[in-house]
file upload23.txt (compact mmCIF, C-alpha atoms and all ligand atoms)
# COMPACT_ATOMS: atom_id res chain seq x y z
CA MET A 1 90.06 26.19 105.00
CA LYS A 2 91.13 25.98 101.33
CA SER A 3 93.96 28.39 100.51
CA PRO A 4 93.07 31.01 97.86
CA LEU A 5 96.49 30.15 96.37
CA LYS A 6 95.66 26.49 95.77
CA ASN A 7 96.24 25.57 92.11
CA GLN A 8 97.14 29.19 91.28
CA TRP A 9 100.28 29.84 89.20
CA ILE A 10 103.09 31.74 90.95
CA LEU A 11 106.19 32.96 89.09
CA ILE A 12 109.29 33.71 91.18
CA THR A 13 112.51 35.27 89.92
CA GLY A 14 115.65 34.73 92.02
CA ALA A 15 114.22 31.39 93.17
CA SER A 16 117.58 29.62 93.50
CA SER A 17 118.34 30.91 97.02
CA GLY A 18 117.29 33.17 99.89
CA PHE A 19 113.83 34.75 99.83
CA GLY A 20 112.97 33.33 96.40
CA ALA A 21 113.74 29.72 97.37
CA ALA A 22 111.89 30.11 100.68
CA ALA A 23 108.92 31.64 98.83
CA ALA A 24 108.83 28.65 96.48
CA ARG A 25 108.49 26.34 99.49
CA ALA A 26 105.92 28.55 101.23
CA PHE A 27 103.67 28.90 98.15
CA ALA A 28 104.08 25.18 97.47
CA ALA A 29 102.76 24.47 100.96
CA GLN A 30 99.59 26.38 99.94
CA GLY A 31 99.16 24.02 96.97
CA ALA A 32 100.25 26.62 94.39
CA LYS A 33 101.81 25.78 91.01
CA LEU A 34 105.28 27.22 90.45
CA LEU A 35 107.38 28.71 87.67
CA LEU A 36 110.89 29.42 88.95
CA GLY A 37 113.78 31.33 87.41
CA ALA A 38 117.40 32.23 88.20
CA ARG A 39 120.84 31.66 86.66
CA ARG A 40 122.02 28.65 88.74
CA LEU A 41 120.17 25.66 87.33
CA GLU A 42 121.46 23.05 89.79
CA ARG A 43 120.14 25.14 92.66
CA LEU A 44 116.82 25.67 90.91
CA LYS A 45 116.50 21.93 90.39
CA LYS A 46 116.86 21.34 94.16
CA VAL A 47 114.37 24.11 95.02
CA THR A 48 111.87 22.66 92.53
CA LYS A 49 112.22 19.19 94.02
CA ALA A 50 111.72 20.55 97.55
CA ALA A 51 108.68 22.55 96.40
CA LYS A 52 107.00 19.46 94.99
CA LYS A 53 107.67 17.67 98.26
CA ALA A 54 106.16 20.63 100.15
CA GLY A 55 102.87 20.35 98.23
CA ALA A 56 103.16 22.06 94.83
CA PRO A 57 101.02 20.06 92.37
CA VAL A 58 103.51 21.08 89.67
CA ALA A 59 106.76 23.08 89.75
CA TYR A 60 108.99 23.94 86.81
CA PHE A 61 112.24 25.86 86.46
CA HIS A 62 114.05 27.61 83.63
CA GLU A 63 117.25 29.65 83.33
CA LEU A 64 116.72 33.38 83.74
CA ASP A 65 119.14 36.29 83.77
CA VAL A 66 117.12 39.40 84.54
CA SER A 67 120.00 41.62 83.41
CA GLN A 68 119.45 40.45 79.80
CA THR A 69 116.30 41.36 77.88
CA ALA A 70 116.65 38.33 75.57
CA SER A 71 116.86 35.97 78.56
CA VAL A 72 113.75 37.52 80.13
CA GLU A 73 111.84 37.16 76.86
CA THR A 74 112.90 33.52 76.40
CA PHE A 75 111.96 32.79 80.00
CA MET A 76 108.53 34.39 79.68
CA ALA A 77 107.81 32.56 76.41
CA TRP A 78 108.62 29.33 78.28
CA ALA A 79 106.34 30.41 81.17
CA LYS A 80 103.51 31.13 78.71
CA GLN A 81 103.87 27.62 77.29
CA LYS A 82 103.67 26.08 80.76
CA LEU A 83 100.59 28.15 81.61
CA LYS A 84 98.88 27.06 78.39
CA THR A 85 95.70 29.16 78.57
CA GLN A 86 95.70 29.52 82.37
CA PRO A 87 96.41 32.90 83.97
CA LEU A 88 99.41 33.83 86.11
CA HIS A 89 98.18 34.73 89.58
CA VAL A 90 101.30 36.07 91.32
CA LEU A 91 104.58 37.50 90.04
CA ILE A 92 107.35 37.85 92.63
CA ASN A 93 110.39 39.89 91.60
CA THR A 94 113.08 38.90 94.07
CA ALA A 95 116.13 38.54 91.75
CA GLY A 96 118.67 41.15 92.78
CA GLY A 97 121.19 42.01 95.43
CA ALA A 98 124.14 44.22 96.33
CA HIS A 99 127.68 44.08 94.97
CA GLY A 100 130.55 45.65 96.89
CA VAL A 101 130.74 48.10 99.81
CA GLU A 102 132.86 50.85 98.24
CA THR A 103 132.11 54.53 98.73
CA VAL A 104 131.25 56.63 95.68
CA ALA A 105 134.90 57.78 95.59
CA GLU A 106 136.08 54.15 95.27
CA GLY A 107 133.07 52.71 93.41
CA LYS A 108 133.40 50.21 90.55
CA ASP A 109 131.41 50.60 87.33
CA ALA A 110 130.79 46.85 87.04
CA ASP A 111 129.20 46.72 90.53
CA TRP A 112 127.05 49.80 89.92
CA GLU A 113 125.92 48.49 86.55
CA MET A 114 125.04 45.06 87.93
CA MET A 115 122.97 46.55 90.77
CA MET A 116 121.01 48.72 88.35
CA GLN A 117 120.65 45.88 85.84
CA THR A 118 119.14 43.45 88.34
CA ASN A 119 117.29 45.47 91.00
CA VAL A 120 115.90 48.14 88.67
CA LEU A 121 115.97 47.11 85.01
CA GLY A 122 115.38 43.45 85.87
CA VAL A 123 112.14 44.33 87.68
CA LEU A 124 111.04 46.47 84.72
CA ARG A 125 111.89 43.83 82.11
CA VAL A 126 110.28 40.92 83.95
CA THR A 127 107.15 42.91 84.80
CA ARG A 128 106.75 44.15 81.21
CA ALA A 129 107.00 40.59 79.91
CA ALA A 130 104.66 39.15 82.59
CA LEU A 131 101.88 41.76 82.41
CA PRO A 132 100.06 40.11 79.46
CA LEU A 133 99.85 36.91 81.53
CA LEU A 134 98.18 38.57 84.55
CA PRO A 135 94.37 38.63 84.38
CA HIS A 136 92.32 41.70 85.28
CA ASP A 137 89.93 41.77 88.25
CA ALA A 138 90.93 38.36 89.57
CA GLY A 139 93.23 39.15 92.51
CA ALA A 140 96.43 38.84 90.48
CA THR A 141 99.41 40.33 92.33
CA ILE A 142 102.87 41.66 91.54
CA ILE A 143 105.18 41.67 94.56
CA ASN A 144 108.55 43.37 94.31
CA ILE A 145 111.25 42.78 96.90
CA GLY A 146 112.66 46.13 97.91
CA SER A 147 114.80 46.89 100.94
CA LEU A 148 115.25 49.11 103.95
CA ALA A 149 118.13 50.40 101.78
CA GLY A 150 115.56 51.98 99.46
CA ARG A 151 114.32 54.09 102.36
CA ALA A 152 117.51 54.82 104.37
CA ALA A 153 120.98 55.88 103.25
CA TYR A 154 124.24 54.41 104.52
CA SER A 155 127.91 54.65 103.54
CA GLY A 156 129.21 52.23 100.93
CA ALA A 157 125.77 51.56 99.47
CA SER A 158 125.13 54.41 97.04
CA ALA A 159 124.15 52.30 94.03
CA TYR A 160 122.28 49.71 96.09
CA CYS A 161 120.29 52.40 97.96
CA ALA A 162 119.59 54.11 94.63
CA ALA A 163 118.56 50.83 93.01
CA LYS A 164 116.16 49.88 95.81
CA ALA A 165 114.73 53.43 95.91
CA GLY A 166 114.21 52.89 92.17
CA GLU A 167 112.38 49.62 92.85
CA LEU A 168 110.14 51.41 95.37
CA GLN A 169 109.25 54.08 92.84
CA ILE A 170 108.63 51.49 90.10
CA THR A 171 106.16 49.79 92.45
CA ARG A 172 104.40 53.11 93.11
CA VAL A 173 104.30 53.93 89.38
CA LEU A 174 102.78 50.51 88.63
CA ARG A 175 100.02 51.26 91.17
CA HIS A 176 99.13 54.25 88.98
CA GLU A 177 99.55 52.53 85.64
CA LEU A 178 97.53 49.46 86.66
CA PHE A 179 94.78 51.54 88.29
CA GLY A 180 91.43 50.10 87.21
CA THR A 181 92.81 46.72 86.11
CA GLY A 182 92.34 45.01 89.46
CA ILE A 183 96.00 43.90 89.36
CA ARG A 184 97.57 44.44 92.75
CA VAL A 185 101.10 45.77 93.26
CA SER A 186 103.13 45.55 96.45
CA THR A 187 106.64 46.12 97.67
CA VAL A 188 107.96 44.03 100.56
CA ASP A 189 111.07 45.67 101.99
CA PRO A 190 113.23 43.67 104.40
CA GLY A 191 115.97 44.92 106.67
CA LEU A 192 118.87 42.69 107.74
CA ALA A 193 118.21 39.09 106.70
CA GLU A 194 120.56 36.12 106.67
CA THR A 195 120.62 34.69 103.14
CA GLU A 196 123.38 34.50 100.52
CA PHE A 197 122.97 38.27 100.13
CA ALA A 198 126.06 39.13 102.23
CA LEU A 199 128.19 36.44 100.55
CA VAL A 200 127.37 37.98 97.16
CA ARG A 201 127.92 41.52 98.44
CA PHE A 202 131.33 40.61 99.92
CA LYS A 203 132.20 38.71 96.72
CA GLY A 204 132.47 35.27 98.27
CA ASP A 205 134.25 36.28 101.52
CA ARG A 206 132.55 33.86 103.94
CA GLN A 207 134.13 35.35 107.07
CA LYS A 208 132.90 38.88 106.31
CA ALA A 209 129.43 37.53 105.55
CA LYS A 210 129.41 35.57 108.83
CA ASP A 211 130.64 38.59 110.83
CA LEU A 212 127.74 40.71 109.58
CA TYR A 213 125.24 38.49 111.38
CA ALA A 214 127.38 37.54 114.41
CA GLY A 215 125.79 38.37 117.78
CA THR A 216 122.48 39.52 116.33
CA ASN A 217 119.21 37.88 115.37
CA PRO A 218 118.58 38.76 111.71
CA LEU A 219 115.47 37.91 109.74
CA VAL A 220 115.56 34.55 107.95
CA ALA A 221 114.22 33.84 104.47
CA ALA A 222 111.19 31.97 105.83
CA ASP A 223 110.05 35.15 107.68
CA ILE A 224 109.75 36.99 104.38
CA ALA A 225 108.26 34.01 102.52
CA GLU A 226 105.44 33.83 105.06
CA ILE A 227 104.72 37.53 104.50
CA LEU A 228 104.70 37.07 100.71
CA VAL A 229 102.08 34.34 101.06
CA TRP A 230 100.02 36.61 103.33
CA VAL A 231 100.22 39.57 100.91
CA ALA A 232 99.15 37.39 97.96
CA SER A 233 96.28 35.77 99.81
CA ARG A 234 94.39 38.90 100.94
CA PRO A 235 90.89 39.27 99.48
CA PRO A 236 91.13 40.50 95.85
CA HIS A 237 90.00 44.06 96.71
CA VAL A 238 92.83 44.54 99.25
CA ASN A 239 96.23 45.88 98.11
CA ILE A 240 99.11 45.82 100.60
CA ASP A 241 101.04 48.72 99.07
CA GLU A 242 104.27 48.77 101.08
CA MET A 243 105.69 46.72 103.93
CA LEU A 244 108.92 47.39 105.83
CA ILE A 245 110.10 44.44 107.91
CA LYS A 246 113.11 44.57 110.20
CA PRO A 247 114.47 42.22 112.83
CA VAL A 248 113.78 43.42 116.37
CA ASP A 249 117.56 43.83 116.70
CA GLN A 250 117.62 46.45 113.92
CA ALA A 251 116.32 49.92 114.76
CA ASP A 252 117.68 51.48 111.58
CA MET A 253 120.29 51.01 108.88
CA GLY A 254 123.62 50.74 110.75
CA LYS A 255 121.88 50.47 114.13
CA VAL A 256 121.95 46.73 114.77
CA PHE A 257 122.07 45.32 118.29
CA LYS A 258 124.99 42.92 118.79
CA ARG A 259 125.31 40.66 121.82
CA PRO A 260 128.78 39.73 123.08
CA LEU A 261 129.89 36.48 121.44
CA LYS A 262 130.26 33.51 123.78
N1 LIG A 301 119.16 39.52 102.66
C1 LIG A 301 118.95 40.79 102.95
O1 LIG A 301 119.45 41.32 103.96
C2 LIG A 301 118.07 41.62 102.05
C3 LIG A 301 117.43 42.72 102.62
C4 LIG A 301 116.60 43.50 101.82
C5 LIG A 301 116.40 43.16 100.50
N2 LIG A 301 117.03 42.09 99.95
C6 LIG A 301 116.74 41.78 98.54
O2 LIG A 301 116.08 40.54 98.49
C7 LIG A 301 116.25 39.96 97.19
C8 LIG A 301 116.68 38.52 97.36
O3 LIG A 301 117.92 38.48 98.01
P1 LIG A 301 118.29 37.37 99.09
O4 LIG A 301 118.51 38.06 100.37
O5 LIG A 301 117.34 36.26 99.02
O6 LIG A 301 119.76 36.98 98.57
P2 LIG A 301 120.30 35.70 97.78
O7 LIG A 301 120.17 34.50 98.64
O8 LIG A 301 121.64 36.09 97.30
O9 LIG A 301 119.30 35.55 96.54
C9 LIG A 301 119.39 36.38 95.40
C10 LIG A 301 118.65 35.70 94.27
O10 LIG A 301 118.66 36.57 93.14
C11 LIG A 301 119.08 35.82 92.02
N3 LIG A 301 119.73 36.68 91.03
C12 LIG A 301 120.75 37.54 91.23
N4 LIG A 301 121.10 38.10 90.05
C13 LIG A 301 120.27 37.58 89.11
C14 LIG A 301 120.13 37.74 87.71
N5 LIG A 301 120.94 38.57 87.03
N6 LIG A 301 119.17 37.06 87.07
C15 LIG A 301 118.36 36.21 87.73
N7 LIG A 301 118.44 36.00 89.06
C16 LIG A 301 119.40 36.68 89.73
C17 LIG A 301 120.02 34.76 92.55
O11 LIG A 301 120.04 33.64 91.67
P3 LIG A 301 121.25 33.24 90.71
O12 LIG A 301 122.53 33.71 91.33
O13 LIG A 301 121.13 31.73 90.64
O14 LIG A 301 120.92 33.89 89.41
C18 LIG A 301 119.29 34.39 93.85
O15 LIG A 301 118.30 33.44 93.59
C19 LIG A 301 117.26 40.84 96.48
O16 LIG A 301 116.56 41.69 95.61
C20 LIG A 301 117.91 41.63 97.62
O17 LIG A 301 118.41 42.86 97.17
C21 LIG A 301 117.85 41.30 100.71

call {"tool": "encode", "arguments": {"input": "upload23.txt", "output": "structure tokens"}}
result
Amino acid sequence: MKSPLKNQWILITGASSGFGAAAARAFAAQGAKLLLGARRLERLKKVTKAAKKAGAPVAYFHELDVSQTASVETFMAWAKQKLKTQPLHVLINTAGGAHGVETVAEGKDADWEMMMQTNVLGVLRVTRAALPLLPHDAGATIINIGSLAGRAAYSGASAYCAAKAGELQITRVLRHELFGTGIRVSTVDPGLAETEFALVRFKGDRQKAKDLYAGTNPLVAADIAEILVWVASRPPHVNIDEMLIKPVDQADMGKVFKRPLK
């Protein structure tokens, strides 16, 4: 059966690693055309090459820093050029992440600001710039990547929990604002997943990042990518509003089953 995503344009932010890179491959395998953005160009180049190999008829990348309005505007002008007169079918806002594990008492302004800049303001900026490219009544979809952290509180994550709760509310607000346009809006909210997320959060400390996943079976990026493809390929009248996906080993935030290490 022909995929409804075949030859459709998909724009992914945060495509240089983790969920975004896996989504690029998964949408490519459906025959979709890709526009990819992130800050690390070498990584984007590799993801683009892999996407073409996986079946994307075309795949392009461009530098994007979602924490900077000017960068988002330059990126979207580039995307518009690539689209020519064709519509954008799916926007996936995955750029973001957590920085640091300090309590509020010990928190660092730079970490807090970065988490708000990417997970909250980045989603707003990119969505504002992409909206004119999304057609009405044609099954176009905006998918934001939220988190279990937007729904559950835990120590050392005040700004990240706040940022992802912000993302959840932005998604809900967009459902209201886009009411009647036929543009779909979803949030896909993962729990513990093994990507570069922990490495970024622990500021490059590989051992700490490794320890987080030791003895447990976390989600992997491909699990989420598969779900993103599913959400975007529902019939045009179906909106998957909110999805929370956790590994079986995670009952809640901070309640992760760990097997003894061999
Ligand atoms: N892994 C988890 O456990 C988990 C769980 C729930 C939700 N999430 C969320 O899932 C999303 C993707 O994270 P991931 O797990 O795939 O981690 P990841 O492997 O670290 O990927 C994060 C992506 O975001 C991009 N990014 C970060 N800051 C950016 C900026 N200022 N401008 C543009 N791109 C930026 C990174 O690209 P560059 O560094 O190249 O710019 C990278 O492509 C994030 O929003 C994260 O909060 C992750």

call {"tool": "residues_near_ligand", "arguments": {"input": "upload23.txt", "ligand": "ligand LIG 301 (chain A)", "cutoff": "8 Å", "atoms": "all atoms listed in the file", "output": "number ranges by chain"}}
result
A: 13-21, 37-41, 43-44, 63-68, 93-98, 114, 117-119, 122, 145-149, 160, 164, 189-200, 219, 221

call {"tool": "closest_residue", "arguments": {"input": "upload23.txt", "among": "A:Thr85, A:Thr171, A:Thr103, A:Ser3", "to": "Pro132 (chain A)", "atoms": "only C-alpha atoms"}}
result
A:Thr85

call {"tool": "residues_around", "arguments": {"input": "upload23.txt", "residues": "region 230-237 of chain A", "least_positions_apart": "5", "cutoff": "7 Å", "atoms": "all atoms listed in the file", "output": "PyMOL selection string"}}
result
chain A and resi 4-5+138-139+141

call {"tool": "decode", "arguments": {"input": "upload23.txt", "residues": "region 178-196 of chain A", "atoms": "N, CA and C atoms", "output": "mmCIF file, in the first residue's frame"}}
result
data_model
loop_
_atom_site.group_PDB
_atom_site.id
_atom_site.type_symbol
_atom_site.label_atom_id
_atom_site.label_comp_id
_atom_site.auth_asym_id
_atom_site.auth_seq_id
_atom_site.Cartn_x
_atom_site.Cartn_y
_atom_site.Cartn_z
ATOM 1 N N LEU A 178 -5.764 26.746 15.954
ATOM 2 C CA LEU A 178 -5.831 26.212 14.575
ATOM 3 C C LEU A 178 -7.158 25.506 14.304
ATOM 4 N N PHE A 179 -8.072 25.598 15.266
ATOM 5 C CA PHE A 179 -9.416 25.031 15.130
ATOM 6 C C PHE A 179 -10.049 25.551 13.836
ATOM 7 N N GLY A 180 -10.518 24.626 13.012
ATOM 8 C CA GLY A 180 -11.171 25.035 11.759
ATOM 9 C C GLY A 180 -10.242 25.124 10.564
ATOM 10 N N THR A 181 -8.925 24.998 10.800
ATOM 11 C CA THR A 181 -7.989 25.070 9.660
ATOM 12 C C THR A 181 -7.714 23.692 9.064
ATOM 13 N N GLY A 182 -8.025 22.650 9.833
ATOM 14 C CA GLY A 182 -7.681 21.303 9.377
ATOM 15 C C GLY A 182 -6.223 20.954 9.644
ATOM 16 N N ILE A 183 -5.467 21.861 10.252
ATOM 17 C CA ILE A 183 -4.068 21.540 10.623
ATOM 18 C C ILE A 183 -4.094 20.784 11.951
ATOM 19 N N ARG A 184 -3.422 19.663 11.963
ATOM 20 C CA ARG A 184 -3.438 18.822 13.163
ATOM 21 C C ARG A 184 -2.272 19.191 14.086
ATOM 22 N N VAL A 185 -2.483 19.015 15.377
ATOM 23 C CA VAL A 185 -1.414 19.332 16.343
ATOM 24 C C VAL A 185 -1.336 18.217 17.381
ATOM 25 N N SER A 186 -0.138 17.714 17.583
ATOM 26 C CA SER A 186 0.056 16.599 18.520
ATOM 27 C C SER A 186 1.265 16.849 19.412
ATOM 28 N N THR A 187 1.219 16.253 20.590
ATOM 29 C CA THR A 187 2.446 16.182 21.397
ATOM 30 C C THR A 187 2.757 14.715 21.656
ATOM 31 N N VAL A 188 4.003 14.339 21.418
ATOM 32 C CA VAL A 188 4.462 12.973 21.672
ATOM 33 C C VAL A 188 5.466 13.081 22.815
ATOM 34 N N ASP A 189 5.145 12.453 23.934
ATOM 35 C CA ASP A 189 5.882 12.678 25.180
ATOM 36 C C ASP A 189 6.576 11.404 25.664
ATOM 37 N N PRO A 190 7.862 11.271 25.395
ATOM 38 C CA PRO A 190 8.566 10.060 25.838
ATOM 39 C C PRO A 190 9.004 10.124 27.299
ATOM 40 N N GLY A 191 9.157 8.946 27.875
ATOM 41 C CA GLY A 191 9.842 8.799 29.163
ATOM 42 C C GLY A 191 11.318 8.538 28.874
ATOM 43 N N LEU A 192 11.929 7.708 29.703
ATOM 44 C CA LEU A 192 13.380 7.453 29.586
ATOM 45 C C LEU A 192 13.753 6.844 28.225
ATOM 46 N N ALA A 193 14.608 7.547 27.496
ATOM 47 C CA ALA A 193 15.037 7.065 26.179
ATOM 48 C C ALA A 193 16.542 7.269 26.041
ATOM 49 N N GLU A 194 17.208 6.288 25.464
ATOM 50 C CA GLU A 194 18.671 6.386 25.330
ATOM 51 C C GLU A 194 19.025 7.087 24.015
ATOM 52 N N THR A 195 19.428 8.338 24.153
ATOM 53 C CA THR A 195 19.881 9.167 23.023
ATOM 54 C C THR A 195 21.091 9.938 23.561
ATOM 55 N N GLU A 196 21.396 11.081 22.935
ATOM 56 C CA GLU A 196 22.471 11.921 23.498
ATOM 57 C C GLU A 196 21.934 12.849 24.593
#
